[in-house]
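my_file.cif follows (mmCIF, C-alpha atoms):
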```
data_run
#
loop_
_atom_site.label_atom_id
_atom_site.label_comp_id
_atom_site.auth_asym_id
_atom_site.auth_seq_id
_atom_site.Cartn_x
_atom_site.Cartn_y
_atom_site.Cartn_z
CA MET A 6 144.04 -22.76 57.89
CA ARG A 7 145.47 -24.73 54.96
CA ASN A 8 144.31 -28.30 54.59
CA ILE A 9 147.07 -30.86 55.02
CA VAL A 10 147.54 -33.66 52.47
CA ALA A 11 149.69 -36.64 53.53
CA ILE A 12 151.24 -39.06 51.01
CA VAL A 13 151.74 -42.54 52.50
CA GLY A 14 152.68 -45.95 51.13
CA ARG A 15 155.36 -48.60 51.14
CA PRO A 16 158.90 -47.72 50.04
CA ASN A 17 159.81 -46.84 46.46
CA VAL A 18 156.32 -46.38 44.99
CA GLY A 19 157.03 -42.76 44.01
CA LYS A 20 155.85 -40.74 47.03
CA SER A 21 158.58 -38.12 46.74
CA THR A 22 158.01 -37.83 42.98
CA LEU A 23 154.29 -37.19 43.60
CA PHE A 24 155.19 -34.75 46.40
CA ASN A 25 157.41 -32.78 44.01
CA ARG A 26 154.64 -32.85 41.40
CA LEU A 27 151.99 -31.54 43.83
CA ILE A 28 154.13 -28.66 45.11
CA GLN A 29 155.63 -27.98 41.64
CA SER A 30 159.13 -28.13 43.00
CA ARG A 31 162.00 -30.57 43.58
CA ASP A 32 162.15 -30.26 47.35
CA ALA A 33 162.19 -34.00 48.12
CA ILE A 34 165.11 -36.21 47.13
CA VAL A 35 164.16 -38.80 44.49
CA ASP A 36 166.36 -41.87 43.98
CA GLU A 37 165.91 -45.50 42.99
CA THR A 38 167.21 -46.57 46.41
CA SER A 39 164.45 -47.71 48.75
CA GLY A 40 164.11 -45.67 51.95
CA VAL A 41 165.54 -42.35 50.75
CA THR A 42 162.82 -40.31 52.49
CA ARG A 43 163.16 -40.81 56.24
CA ASP A 44 161.64 -37.71 57.80
CA ARG A 45 158.33 -36.13 56.98
CA ASN A 46 158.93 -33.43 54.38
CA TYR A 47 156.57 -30.45 54.11
CA GLY A 48 155.64 -28.32 51.11
CA THR A 49 152.83 -26.11 49.78
CA GLY A 50 150.67 -26.81 46.76
CA ASP A 51 148.18 -24.63 44.91
CA TRP A 52 145.33 -25.69 42.61
CA ASN A 53 142.78 -23.29 41.16
CA GLY A 54 143.59 -20.70 43.81
CA LYS A 55 143.29 -23.12 46.73
CA GLU A 56 146.45 -23.67 48.77
CA PHE A 57 147.20 -26.81 50.75
CA SER A 58 150.15 -28.26 52.63
CA VAL A 59 151.65 -31.56 51.53
CA ILE A 60 153.51 -34.07 53.73
CA ASP A 61 155.86 -36.57 52.09
CA THR A 62 156.53 -39.50 54.43
CA GLY A 63 159.05 -42.28 54.61
CA GLY A 64 158.07 -45.65 53.16
CA TYR A 65 155.85 -47.65 55.54
CA LEU A 66 157.37 -50.96 56.71
CA LEU A 67 156.47 -53.42 59.47
CA ASP A 68 159.97 -54.72 60.18
CA ASN A 69 160.43 -53.99 63.89
CA GLU A 70 164.02 -55.21 63.81
CA ASP A 71 165.19 -52.21 61.80
CA SER A 72 165.46 -48.95 63.79
CA PHE A 73 164.86 -46.87 60.65
CA ASN A 74 161.70 -48.82 59.81
CA ARG A 75 160.31 -48.32 63.32
CA GLU A 76 161.01 -44.59 63.13
CA ILE A 77 159.59 -44.29 59.61
CA ARG A 78 156.39 -46.03 60.72
CA LYS A 79 156.12 -43.55 63.59
CA GLN A 80 156.51 -40.68 61.10
CA VAL A 81 153.74 -42.12 58.89
CA GLU A 82 151.41 -42.42 61.86
CA LEU A 83 152.16 -38.84 62.89
CA ALA A 84 151.47 -37.68 59.34
CA ILE A 85 148.12 -39.48 59.35
CA ASP A 86 147.26 -37.76 62.65
CA GLU A 87 148.16 -34.35 61.20
CA ALA A 88 146.50 -34.78 57.80
CA ASP A 89 143.06 -33.73 56.61
CA ILE A 90 143.34 -35.80 53.39
CA ILE A 91 145.44 -38.94 52.84
CA LEU A 92 146.81 -40.11 49.49
CA PHE A 93 147.58 -43.84 49.62
CA LEU A 94 150.14 -44.42 46.86
CA VAL A 95 150.71 -47.84 45.29
CA ASP A 96 152.77 -49.11 42.34
CA GLY A 97 150.54 -49.97 39.37
CA LYS A 98 153.28 -52.01 37.68
CA GLU A 99 153.97 -54.30 40.65
CA GLY A 100 150.36 -54.86 41.70
CA ILE A 101 149.13 -55.41 45.27
CA THR A 102 151.80 -56.53 47.74
CA PRO A 103 151.48 -57.70 51.36
CA MET A 104 152.92 -54.36 52.48
CA ASP A 105 150.21 -52.51 50.54
CA GLU A 106 147.62 -54.59 52.41
CA ASP A 107 149.27 -53.68 55.74
CA VAL A 108 149.12 -49.98 54.91
CA ALA A 109 145.51 -50.32 53.74
CA HIS A 110 144.57 -51.98 57.03
CA LEU A 111 146.12 -49.05 58.95
CA LEU A 112 144.36 -46.44 56.80
CA ARG A 113 140.95 -48.09 56.97
CA ARG A 114 141.05 -47.50 60.74
CA SER A 115 141.48 -43.75 60.12
CA ASP A 116 138.42 -41.52 59.88
CA LYS A 117 140.21 -39.24 57.39
CA PRO A 118 139.34 -39.14 53.64
CA VAL A 119 141.65 -41.63 51.91
CA HIS A 120 142.22 -41.57 48.13
CA LEU A 121 143.93 -44.54 46.55
CA VAL A 122 146.50 -43.33 43.98
CA VAL A 123 147.87 -45.90 41.52
CA ASN A 124 151.22 -44.61 40.29
CA LYS A 125 153.29 -45.48 37.20
CA ILE A 126 150.23 -45.65 34.92
CA ASP A 127 151.96 -43.64 32.21
CA SER A 128 149.80 -44.55 29.18
CA PRO A 129 146.06 -45.24 28.56
CA ASP A 130 146.70 -48.90 27.71
CA LYS A 131 147.90 -49.45 31.30
CA PHE A 132 144.72 -48.15 32.95
CA ALA A 133 143.45 -51.73 33.30
CA LEU A 134 146.34 -52.44 35.68
CA SER A 135 144.77 -50.17 38.28
CA ALA A 136 141.48 -52.11 38.55
CA GLU A 137 142.87 -54.81 40.87
CA PHE A 138 143.59 -52.18 43.55
CA TYR A 139 139.86 -51.81 44.28
CA ALA A 140 140.40 -54.99 46.31
CA LEU A 141 142.10 -52.83 48.97
CA GLY A 142 138.68 -51.49 49.92
CA PHE A 143 138.73 -47.78 49.02
CA ASP A 144 135.99 -46.02 47.06
CA THR A 145 138.04 -43.50 45.06
CA LEU A 146 140.95 -44.56 42.85
CA PHE A 147 143.16 -42.32 40.70
CA PRO A 148 145.50 -43.87 38.11
CA LEU A 149 148.33 -41.47 37.24
CA SER A 150 152.01 -41.01 36.49
CA ALA A 151 153.75 -38.85 39.08
CA ALA A 152 156.86 -38.74 36.88
CA ASN A 153 155.23 -37.13 33.83
CA GLY A 154 152.14 -35.62 35.47
CA GLY A 155 149.53 -37.60 33.57
CA GLY A 156 146.30 -37.89 35.58
CA THR A 157 147.37 -35.58 38.40
CA GLY A 158 144.79 -32.95 37.39
CA ASP A 159 141.89 -35.21 38.39
CA LEU A 160 143.57 -35.94 41.71
CA LEU A 161 144.14 -32.24 42.38
CA ASP A 162 140.48 -31.50 41.54
CA GLU A 163 139.46 -34.06 44.16
CA ILE A 164 141.86 -32.60 46.74
CA ALA A 165 140.56 -29.08 46.07
CA SER A 166 136.95 -30.24 46.43
CA HIS A 167 137.59 -30.97 50.13
CA MET A 168 138.74 -27.41 50.80
CA ASP A 169 137.08 -24.09 51.39
CA ASP A 170 138.44 -20.85 49.98
CA THR A 171 140.08 -19.68 53.22
CA HIS A 172 143.67 -20.39 54.12
CA GLU A 173 146.22 -18.96 56.43
CA GLU A 174 148.16 -15.99 55.18
CA ALA A 175 151.58 -16.54 53.70
CA THR A 176 154.40 -17.06 56.19
CA ASP A 177 157.33 -16.75 53.81
CA HIS A 178 158.34 -13.52 55.57
CA LEU A 179 159.12 -15.41 58.78
CA PRO A 180 162.79 -15.69 59.77
CA ARG A 181 164.56 -18.94 58.90
CA LEU A 182 166.89 -20.48 61.47
CA THR A 183 168.94 -23.24 59.85
CA VAL A 184 170.65 -25.84 62.05
CA ILE A 185 173.91 -26.97 60.46
CA GLY A 186 176.91 -29.06 61.42
CA ARG A 187 178.76 -32.29 60.84
CA PRO A 188 176.82 -35.57 61.05
CA ASN A 189 175.59 -36.76 64.43
CA VAL A 190 176.22 -33.57 66.45
CA GLY A 191 172.55 -33.32 67.53
CA LYS A 192 170.89 -31.16 64.87
CA SER A 193 167.63 -33.11 64.70
CA SER A 194 167.67 -33.69 68.46
CA ILE A 195 167.80 -29.98 69.28
CA ILE A 196 164.83 -29.23 66.99
CA ASN A 197 162.88 -32.07 68.61
CA ALA A 198 163.78 -30.61 72.01
CA PHE A 199 162.61 -27.12 70.97
CA ILE A 200 159.20 -28.25 69.78
CA GLY A 201 158.64 -30.96 72.37
CA GLN A 202 157.96 -33.83 69.96
CA GLU A 203 159.91 -36.20 67.72
CA ARG A 204 159.40 -34.20 64.54
CA ASN A 205 162.70 -35.40 63.03
CA ILE A 206 164.13 -38.91 63.12
CA VAL A 207 167.08 -39.38 65.51
CA THR A 208 169.30 -42.46 65.50
CA PRO A 209 172.97 -42.94 66.44
CA ILE A 210 173.72 -43.59 62.75
CA ALA A 211 175.41 -40.64 61.04
CA GLY A 212 173.51 -39.47 57.97
CA THR A 213 169.95 -40.18 59.17
CA THR A 214 168.70 -36.78 58.01
CA ARG A 215 169.02 -36.47 54.23
CA ASP A 216 166.40 -33.90 53.26
CA THR A 217 166.25 -30.43 54.73
CA VAL A 218 163.21 -30.39 57.03
CA LEU A 219 161.19 -27.22 57.73
CA THR A 220 159.31 -26.75 61.03
CA ARG A 221 157.27 -23.73 62.17
CA TYR A 222 158.09 -22.69 65.75
CA ASN A 223 155.53 -20.38 67.34
CA LEU A 224 155.91 -20.50 71.13
CA PHE A 225 157.12 -18.26 73.97
CA ASP A 226 157.07 -15.07 71.86
CA PHE A 227 159.12 -16.74 69.09
CA ASP A 228 157.78 -17.15 65.55
CA PHE A 229 160.08 -18.49 62.88
CA TYR A 230 160.97 -21.53 60.79
CA LEU A 231 163.49 -24.08 62.06
CA VAL A 232 165.35 -25.86 59.27
CA ASP A 233 167.06 -29.18 59.96
CA THR A 234 169.78 -30.13 57.47
CA ALA A 235 171.82 -33.17 56.59
CA GLY A 236 175.20 -33.36 58.27
CA ILE A 237 177.91 -32.10 55.92
CA ARG A 238 181.05 -34.21 55.73
CA ARG A 239 184.25 -33.57 53.82
CA LYS A 240 183.90 -34.19 50.06
CA GLN A 241 186.19 -37.24 50.18
CA LYS A 242 183.74 -38.96 52.56
CA VAL A 243 180.62 -38.28 50.49
CA THR A 244 180.15 -41.53 48.56
CA GLU A 245 176.40 -42.06 48.02
CA ASN A 246 174.54 -40.08 45.34
CA ILE A 247 171.79 -39.53 47.92
CA GLU A 248 174.22 -37.98 50.38
CA PHE A 249 175.66 -35.76 47.66
CA TYR A 250 172.15 -34.41 46.96
CA SER A 251 171.63 -33.94 50.70
CA VAL A 252 174.82 -31.91 51.05
CA MET A 253 173.84 -29.70 48.12
CA ARG A 254 170.39 -29.20 49.63
CA SER A 255 171.95 -28.26 52.98
CA ILE A 256 174.12 -25.68 51.25
CA ARG A 257 171.04 -24.23 49.56
CA ALA A 258 169.32 -24.16 52.96
CA ILE A 259 172.19 -22.04 54.29
CA GLU A 260 171.85 -19.70 51.32
CA ASN A 261 168.12 -19.28 52.04
CA SER A 262 168.46 -18.79 55.81
CA ASP A 263 168.65 -15.70 57.99
CA VAL A 264 170.56 -17.19 60.94
CA CYS A 265 172.60 -20.40 61.00
CA ILE A 266 172.95 -22.38 64.23
CA LEU A 267 176.34 -24.09 63.86
CA MET A 268 176.42 -27.12 66.15
CA LEU A 269 179.69 -28.60 67.40
CA ASP A 270 180.42 -31.79 69.29
CA ALA A 271 182.05 -30.73 72.57
CA GLN A 272 184.21 -33.86 72.64
CA SER A 273 185.73 -33.37 69.18
CA GLY A 274 185.82 -29.56 69.24
CA LEU A 275 185.94 -27.15 66.32
CA GLU A 276 187.21 -29.13 63.34
CA ALA A 277 188.18 -28.10 59.82
CA GLN A 278 184.75 -28.96 58.41
CA ASP A 279 183.10 -26.74 61.05
CA LEU A 280 185.31 -23.88 59.91
CA ASN A 281 184.31 -24.57 56.31
CA LEU A 282 180.64 -24.34 57.30
CA PHE A 283 181.28 -21.12 59.22
CA SER A 284 183.09 -19.69 56.19
CA LEU A 285 180.13 -20.68 53.99
CA CYS A 286 177.77 -18.80 56.31
CA ARG A 287 180.01 -15.75 56.27
CA ARG A 288 180.37 -15.76 52.47
CA ASN A 289 176.58 -15.76 52.25
CA ASN A 290 176.33 -12.95 54.86
CA LYS A 291 174.31 -15.00 57.36
CA GLY A 292 174.04 -14.52 61.09
CA VAL A 293 175.66 -17.29 63.14
CA VAL A 294 175.21 -18.76 66.62
CA VAL A 295 177.73 -21.44 67.64
CA VAL A 296 176.28 -24.21 69.85
CA VAL A 297 178.68 -26.54 71.64
CA ASN A 298 176.54 -29.63 72.25
CA LYS A 299 177.16 -32.67 74.50
CA TRP A 300 178.78 -30.40 77.09
CA ASP A 301 177.66 -32.84 79.80
CA LEU A 302 180.18 -35.40 78.45
CA VAL A 303 183.20 -33.11 78.89
CA GLN A 304 185.29 -33.56 82.02
CA LYS A 305 185.28 -30.22 83.87
CA GLU A 306 188.08 -28.41 85.66
CA ASN A 307 188.48 -24.80 86.78
CA ASN A 308 187.43 -22.38 84.01
CA THR A 309 186.90 -25.22 81.51
CA LEU A 310 184.04 -23.36 79.82
CA LYS A 311 185.93 -20.07 79.55
CA LYS A 312 189.02 -21.78 78.14
CA TYR A 313 186.93 -23.74 75.64
CA GLU A 314 185.08 -20.61 74.52
CA ALA A 315 188.35 -18.70 74.13
CA LEU A 316 189.69 -21.52 71.97
CA VAL A 317 186.59 -21.46 69.75
CA ARG A 318 186.83 -17.70 69.30
CA GLU A 319 190.54 -17.96 68.52
CA ARG A 320 189.78 -20.48 65.75
CA LEU A 321 187.02 -18.23 64.34
CA ALA A 322 189.24 -15.11 64.30
CA PRO A 323 189.03 -12.49 62.97
CA ASP A 324 185.26 -13.14 62.91
CA ASN A 325 185.08 -13.86 66.62
CA ASP A 326 182.13 -11.62 67.52
CA ILE A 327 179.88 -14.72 67.58
CA PRO A 328 177.59 -15.92 70.39
CA VAL A 329 178.75 -19.28 71.79
CA VAL A 330 176.24 -21.34 73.78
CA PHE A 331 177.12 -24.56 75.64
CA THR A 332 174.30 -27.09 75.71
CA SER A 333 173.32 -30.64 76.47
CA VAL A 334 170.37 -31.35 74.19
CA LEU A 335 169.89 -34.74 75.83
CA ASN A 336 169.42 -33.08 79.23
CA LYS A 337 167.73 -29.99 77.71
CA GLN A 338 170.32 -27.71 79.29
CA ARG A 339 170.41 -24.13 77.93
CA ILE A 340 168.59 -25.07 74.71
CA TYR A 341 166.24 -22.07 74.93
CA LYS A 342 169.28 -19.83 75.33
CA VAL A 343 170.07 -20.89 71.76
CA LEU A 344 166.70 -19.57 70.56
CA GLU A 345 167.15 -16.32 72.47
CA MET A 346 170.58 -15.73 70.94
CA ALA A 347 169.34 -16.68 67.45
CA LYS A 348 166.48 -14.19 67.77
CA GLN A 349 168.92 -11.49 68.92
CA VAL A 350 171.26 -12.22 66.00
CA TYR A 351 168.33 -12.01 63.57
CA GLU A 352 167.38 -8.60 64.99
CA ASN A 353 171.02 -7.48 64.77
CA ARG A 354 171.16 -8.54 61.13
CA ALA A 355 168.01 -6.56 60.33
CA ARG A 356 169.12 -3.43 62.23
CA ARG A 357 168.97 -0.13 60.33
CA ILE A 358 170.98 2.87 61.57
CA PRO A 359 169.58 6.29 60.55
CA THR A 360 172.01 8.22 58.37
CA SER A 361 171.97 11.21 60.71
CA GLU A 362 172.86 9.00 63.69
CA LEU A 363 175.68 7.35 61.74
CA ASN A 364 177.25 10.66 60.78
CA ASP A 365 176.72 12.36 64.15
CA THR A 366 178.17 9.44 66.11
CA LEU A 367 180.81 7.78 63.94
CA LEU A 368 182.14 10.60 61.77
CA PRO A 369 183.77 12.51 64.69
CA ILE A 370 185.62 9.32 65.71
CA LEU A 371 186.92 8.79 62.18
CA LYS A 372 188.01 12.43 61.92
CA GLN A 373 189.91 12.05 65.16
CA THR A 374 191.54 8.82 63.90
CA PRO A 375 191.71 9.19 60.09
CA PRO A 376 193.23 6.60 57.73
CA PRO A 377 197.05 6.64 57.71
CA ILE A 378 198.68 9.01 55.21
CA TYR A 379 199.61 7.04 52.10
CA LYS A 380 202.08 8.30 49.50
CA GLY A 381 201.79 11.74 51.06
CA LYS A 382 198.02 11.76 50.53
CA THR A 383 195.42 12.34 53.26
CA VAL A 384 192.11 10.51 53.09
CA LYS A 385 189.14 12.59 54.23
CA ILE A 386 185.85 10.80 55.00
CA LYS A 387 182.92 13.10 54.22
CA TYR A 388 179.73 11.11 54.66
CA ILE A 389 178.38 7.71 55.81
CA THR A 390 175.19 5.85 54.95
CA GLN A 391 173.84 2.32 55.34
CA LEU A 392 173.04 0.45 52.15
CA PRO A 393 169.63 -1.21 51.72
CA GLY A 394 169.72 -4.98 52.01
CA THR A 395 169.23 -7.98 54.27
CA TYR A 396 172.49 -7.59 56.21
CA PRO A 397 174.45 -4.57 57.56
CA ALA A 398 176.49 -2.87 54.84
CA PHE A 399 177.83 0.69 55.02
CA VAL A 400 179.38 2.98 52.45
CA PHE A 401 181.89 5.68 53.44
CA PHE A 402 182.30 8.47 50.90
CA CYS A 403 185.78 9.96 50.78
CA ASN A 404 188.24 11.63 48.43
CA LEU A 405 190.74 8.77 47.95
CA PRO A 406 189.04 5.38 48.61
CA GLN A 407 191.88 3.46 46.94
CA TYR A 408 194.24 4.46 49.78
CA VAL A 409 192.06 2.94 52.55
CA LYS A 410 193.66 -0.38 53.48
CA GLU A 411 192.28 -3.46 55.21
CA PRO A 412 193.49 -2.65 58.77
CA TYR A 413 191.57 0.64 58.74
CA LYS A 414 188.47 -1.09 57.39
CA ARG A 415 188.70 -3.47 60.32
CA PHE A 416 189.03 -0.48 62.67
CA VAL A 417 185.86 1.04 61.17
CA GLU A 418 183.98 -2.26 61.45
CA ASN A 419 185.01 -2.66 65.09
CA ASN A 420 183.66 0.81 65.86
CA LEU A 421 180.38 -0.02 64.16
CA ARG A 422 180.12 -3.15 66.30
CA ARG A 423 181.04 -1.24 69.45
CA LEU A 424 178.53 1.57 68.92
CA TRP A 425 175.65 -0.60 67.65
CA ASN A 426 174.94 -4.23 68.40
CA PHE A 427 175.95 -6.35 65.42
CA THR A 428 176.93 -9.43 67.41
CA GLY A 429 176.77 -12.58 65.34
CA VAL A 430 176.32 -10.93 61.94
CA PRO A 431 178.73 -9.88 59.18
CA VAL A 432 179.27 -6.15 58.68
CA LYS A 433 180.41 -5.01 55.25
CA VAL A 434 182.32 -1.73 54.87
CA TYR A 435 182.84 -0.01 51.51
CA PHE A 436 184.77 3.14 50.68
CA ARG A 437 183.64 5.11 47.63
CA GLU A 438 184.68 8.38 46.04
CA LYS A 439 182.37 11.30 46.85
#
```

Entire entry expressed as structure tokens:
Amino acid sequence: MRNIVAIVGRPNVGKSTLFNRLIQSRDAIVDETSGVTRDRNYGTGDWNGKEFSVIDTGGYLLDNEDSFNREIRKQVELAIDEADIILFLVDGKEGITPMDEDVAHLLRRSDKPVHLVVNKIDSPDKFALSAEFYALGFDTLFPLSAANGGGTGDLLDEIASHMDDTHEEATDHLPRLTVIGRPNVGKSSIINAFIGQERNIVTPIAGTTRDTVLTRYNLFDFDFYLVDTAGIRRKQKVTENIEFYSVMRSIRAIENSDVCILMLDAQSGLEAQDLNLFSLCRRNNKGVVVVVNKWDLVQKENNTLKKYEALVRERLAPDNDIPVVFTSVLNKQRIYKVLEMAKQVYENRARRIPTSELNDTLLPILKQTPPPIYKGKTVKIKYITQLPGTYPAFVFFCNLPQYVKEPYKRFVENNLRRLWNFTGVPVKVYFREK
């Protein structure tokens, strides 16, 4: 198993900058605004061949009046529980503050190795600034600059010294299920419901989740990553720089996913921004499961569910071969149906049809119903094969591919979906000259 390193400290001391430095990436949002990091953010670091996981936490505050601060403190405490090594980050320029002393008091009660890291020591003449932090009561102290990397080598040597040479094998091959949707539709709540703990912060305030948050789910014969994303609003409503970065990160999360779980609010229905998100998934050739959340708040009549589903599919047309699941995350109604459908869609997306089966099954149908004659020319399809790739794509070799029009391509795609299960995934059809 990889060792877990947690970075804790008060707000705006550079935790996300150090996190990015340790994992050699820019996964965590960095901004001058205090409180940007609200959820725990996970990444993987490597030093001299030893891998470790890194947790970036929200800034630790003791203000119980603020719902964010209460939730952030809970996240910090969870990170301390999960961690094997704790990096207590302080600001070398500002010196010791009462909040630093509060965090130190919490950490001294932990039996985990704690290393005091004095950040923003970006030149040798500032090393003396770090001496006063010994008053916090920790044996090891590392002055460094997370922004430019100075001094991080000594810290990484210390982290590596706590580890053995064994670590879990890479899990990058695991499927990625990305939960997307407008703000406040229940994305973080459904992930918390899946895993049975408050992994992601949930408040009634839209925009709580700003980073994409990765969680391994390995229960009930499922094994994949769940990715929580920031809610994506229309461009005109994106005002903060932080939210702009969050939206861009959510889009990248879609690009890196296998299946997207598109969550809707049952009371507001399928809106234009939901269609934009669906279109983004389709352009990136991702599998999709539509989840209509807060179904318990909808007033029911005869066939309400069927009518609602028909309306959703009508809005998604012509790409209406999409699973639609109605849930109440709050009441945990049908949430595991979402996982079952997402797993099925992932398998559909990865499905490979043998060339012999394609030609034996589909070619007779296409010969019986060939493309319409165009300009007196007859199109003859000779051979079919599936292209290699991460999503279903098929090439049909024929004599006159330029005369095959869009309606016939749709006819071919529908037959592919009818004969083999491609529910929830895009199917690409290409006609090429033999």

Residues matched by the PyMOL selection byres ((chain A and resi 299) around 10), written as a list in words: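 Expected selection for the PyMOL selection byres ((chain A and resi 299) around 10) here is Val190, Gly191, Leu269, Asp270, Ala271, Gln272, Val296, Val297, Asn298, Trp300, Asp301, Leu302, Val303, Phe331, Thr332, Ser333, Val334, Leu335, Asn336 and Gln338 of chain A.
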
Point-to-point distance in Å for atom CA of A:Arg356 and atom CA of A:Arg437: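 It comes out at 22.3 Å.
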
Straight-line distance linking atom CA of A:Leu160 with atom CA of A:Glu106, stated in Å to one decimal: 21.9 Å

Residue neighbourhood A:Val317, 12 Å, only C-alpha atoms, exclusion window fewer than 5 positions, as a list in words: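 With the cut-off at 12 Å, the set is Leu269, Ala271, Ser273, Gly274, Leu275, Glu276, Asp279, Leu280, Phe283, Val295, Val296, Val297, Leu310, Lys311, Lys312, Ala322, Pro323, Asp324, Asn325, Asp326, Ile327, Pro328, Val329, Val330 and Phe331 of chain A.
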
Selection result of the PyMOL selection byres ((chain A and resi 401-408) around 9) on this file, as number ranges by chain: A: 376-380, 382-391, 399-400, 409-410, 434-439

Store the residues of this selection in a file with C-alpha atoms, as a PDB file, in the frame of the given file.
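Result went into part13.pdb, see below:
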```pdb
ATOM      1  CA  PRO A 376     193.230   6.600  57.730  1.00  0.00           C
ATOM      2  CA  PRO A 377     197.050   6.640  57.710  1.00  0.00           C
ATOM      3  CA  ILE A 378     198.680   9.010  55.210  1.00  0.00           C
ATOM      4  CA  TYR A 379     199.610   7.040  52.100  1.00  0.00           C
ATOM      5  CA  LYS A 380     202.080   8.300  49.500  1.00  0.00           C
ATOM      6  CA  LYS A 382     198.020  11.760  50.530  1.00  0.00           C
ATOM      7  CA  THR A 383     195.420  12.340  53.260  1.00  0.00           C
ATOM      8  CA  VAL A 384     192.110  10.510  53.090  1.00  0.00           C
ATOM      9  CA  LYS A 385     189.140  12.590  54.230  1.00  0.00           C
ATOM     10  CA  ILE A 386     185.850  10.800  55.000  1.00  0.00           C
ATOM     11  CA  LYS A 387     182.920  13.100  54.220  1.00  0.00           C
ATOM     12  CA  TYR A 388     179.730  11.110  54.660  1.00  0.00           C
ATOM     13  CA  ILE A 389     178.380   7.710  55.810  1.00  0.00           C
ATOM     14  CA  THR A 390     175.190   5.850  54.950  1.00  0.00           C
ATOM     15  CA  GLN A 391     173.840   2.320  55.340  1.00  0.00           C
ATOM     16  CA  PHE A 399     177.830   0.690  55.020  1.00  0.00           C
ATOM     17  CA  VAL A 400     179.380   2.980  52.450  1.00  0.00           C
ATOM     18  CA  VAL A 409     192.060   2.940  52.550  1.00  0.00           C
ATOM     19  CA  LYS A 410     193.660  -0.380  53.480  1.00  0.00           C
ATOM     20  CA  VAL A 434     182.320  -1.730  54.870  1.00  0.00           C
ATOM     21  CA  TYR A 435     182.840  -0.010  51.510  1.00  0.00           C
ATOM     22  CA  PHE A 436     184.770   3.140  50.680  1.00  0.00           C
ATOM     23  CA  ARG A 437     183.640   5.110  47.630  1.00  0.00           C
ATOM     24  CA  GLU A 438     184.680   8.380  46.040  1.00  0.00           C
ATOM     25  CA  LYS A 439     182.370  11.300  46.850  1.00  0.00           C
TER      26      LYS A 439
END
```

Separation of atom CA of A:Thr374 from atom CA of A:Arg415 in Å: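 Going from atom CA of A:Arg415 over to atom CA of A:Thr374, I get 13.1 Å.
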
Pick from A:Ala133, A:Val293, A:Leu161, A:Val119 nearest to A:Asn53, counting all atoms listed in the file: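 Using all atoms listed in the file, the shortest distance to A:Asn53 belongs to A:Leu161.
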
Atoms are missing here; could stretch 388-400 of chain A be completed with N, CA and C atoms and written as a PDB file, in the frame of the given file?
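What landed in part28.pdb:
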```
ATOM      1  N   TYR A 388     181.145  11.436  54.482  1.00  0.00           N
ATOM      2  CA  TYR A 388     179.730  11.110  54.660  1.00  0.00           C
ATOM      3  C   TYR A 388     179.581   9.597  54.782  1.00  0.00           C
ATOM      4  N   ILE A 389     178.618   9.145  55.598  1.00  0.00           N
ATOM      5  CA  ILE A 389     178.380   7.710  55.810  1.00  0.00           C
ATOM      6  C   ILE A 389     176.895   7.422  55.633  1.00  0.00           C
ATOM      7  N   THR A 390     176.589   6.283  55.013  1.00  0.00           N
ATOM      8  CA  THR A 390     175.190   5.850  54.950  1.00  0.00           C
ATOM      9  C   THR A 390     175.151   4.332  54.916  1.00  0.00           C
ATOM     10  N   GLN A 391     174.035   3.769  55.387  1.00  0.00           N
ATOM     11  CA  GLN A 391     173.840   2.320  55.340  1.00  0.00           C
ATOM     12  C   GLN A 391     173.136   1.943  54.043  1.00  0.00           C
ATOM     13  N   LEU A 392     173.628   0.911  53.403  1.00  0.00           N
ATOM     14  CA  LEU A 392     173.040   0.450  52.150  1.00  0.00           C
ATOM     15  C   LEU A 392     171.780  -0.371  52.436  1.00  0.00           C
ATOM     16  N   PRO A 393     170.791  -0.328  51.553  1.00  0.00           N
ATOM     17  CA  PRO A 393     169.630  -1.210  51.720  1.00  0.00           C
ATOM     18  C   PRO A 393     170.042  -2.661  51.489  1.00  0.00           C
ATOM     19  N   GLY A 394     169.385  -3.567  52.170  1.00  0.00           N
ATOM     20  CA  GLY A 394     169.720  -4.980  52.010  1.00  0.00           C
ATOM     21  C   GLY A 394     169.332  -5.780  53.225  1.00  0.00           C
ATOM     22  N   THR A 395     169.629  -7.076  53.185  1.00  0.00           N
ATOM     23  CA  THR A 395     169.230  -7.980  54.270  1.00  0.00           C
ATOM     24  C   THR A 395     170.268  -8.118  55.358  1.00  0.00           C
ATOM     25  N   TYR A 396     171.442  -7.536  55.179  1.00  0.00           N
ATOM     26  CA  TYR A 396     172.490  -7.590  56.210  1.00  0.00           C
ATOM     27  C   TYR A 396     173.165  -6.221  56.283  1.00  0.00           C
ATOM     28  N   PRO A 397     173.856  -5.910  57.386  1.00  0.00           N
ATOM     29  CA  PRO A 397     174.450  -4.570  57.560  1.00  0.00           C
ATOM     30  C   PRO A 397     175.596  -4.320  56.586  1.00  0.00           C
ATOM     31  N   ALA A 398     175.439  -3.281  55.777  1.00  0.00           N
ATOM     32  CA  ALA A 398     176.490  -2.870  54.840  1.00  0.00           C
ATOM     33  C   ALA A 398     176.502  -1.345  54.806  1.00  0.00           C
ATOM     34  N   PHE A 399     177.690  -0.761  54.900  1.00  0.00           N
ATOM     35  CA  PHE A 399     177.830   0.690  55.020  1.00  0.00           C
ATOM     36  C   PHE A 399     178.804   1.204  53.968  1.00  0.00           C
ATOM     37  N   VAL A 400     178.485   2.367  53.415  1.00  0.00           N
ATOM     38  CA  VAL A 400     179.380   2.980  52.450  1.00  0.00           C
ATOM     39  C   VAL A 400     179.893   4.296  53.033  1.00  0.00           C
TER      40      VAL A 400
END
```
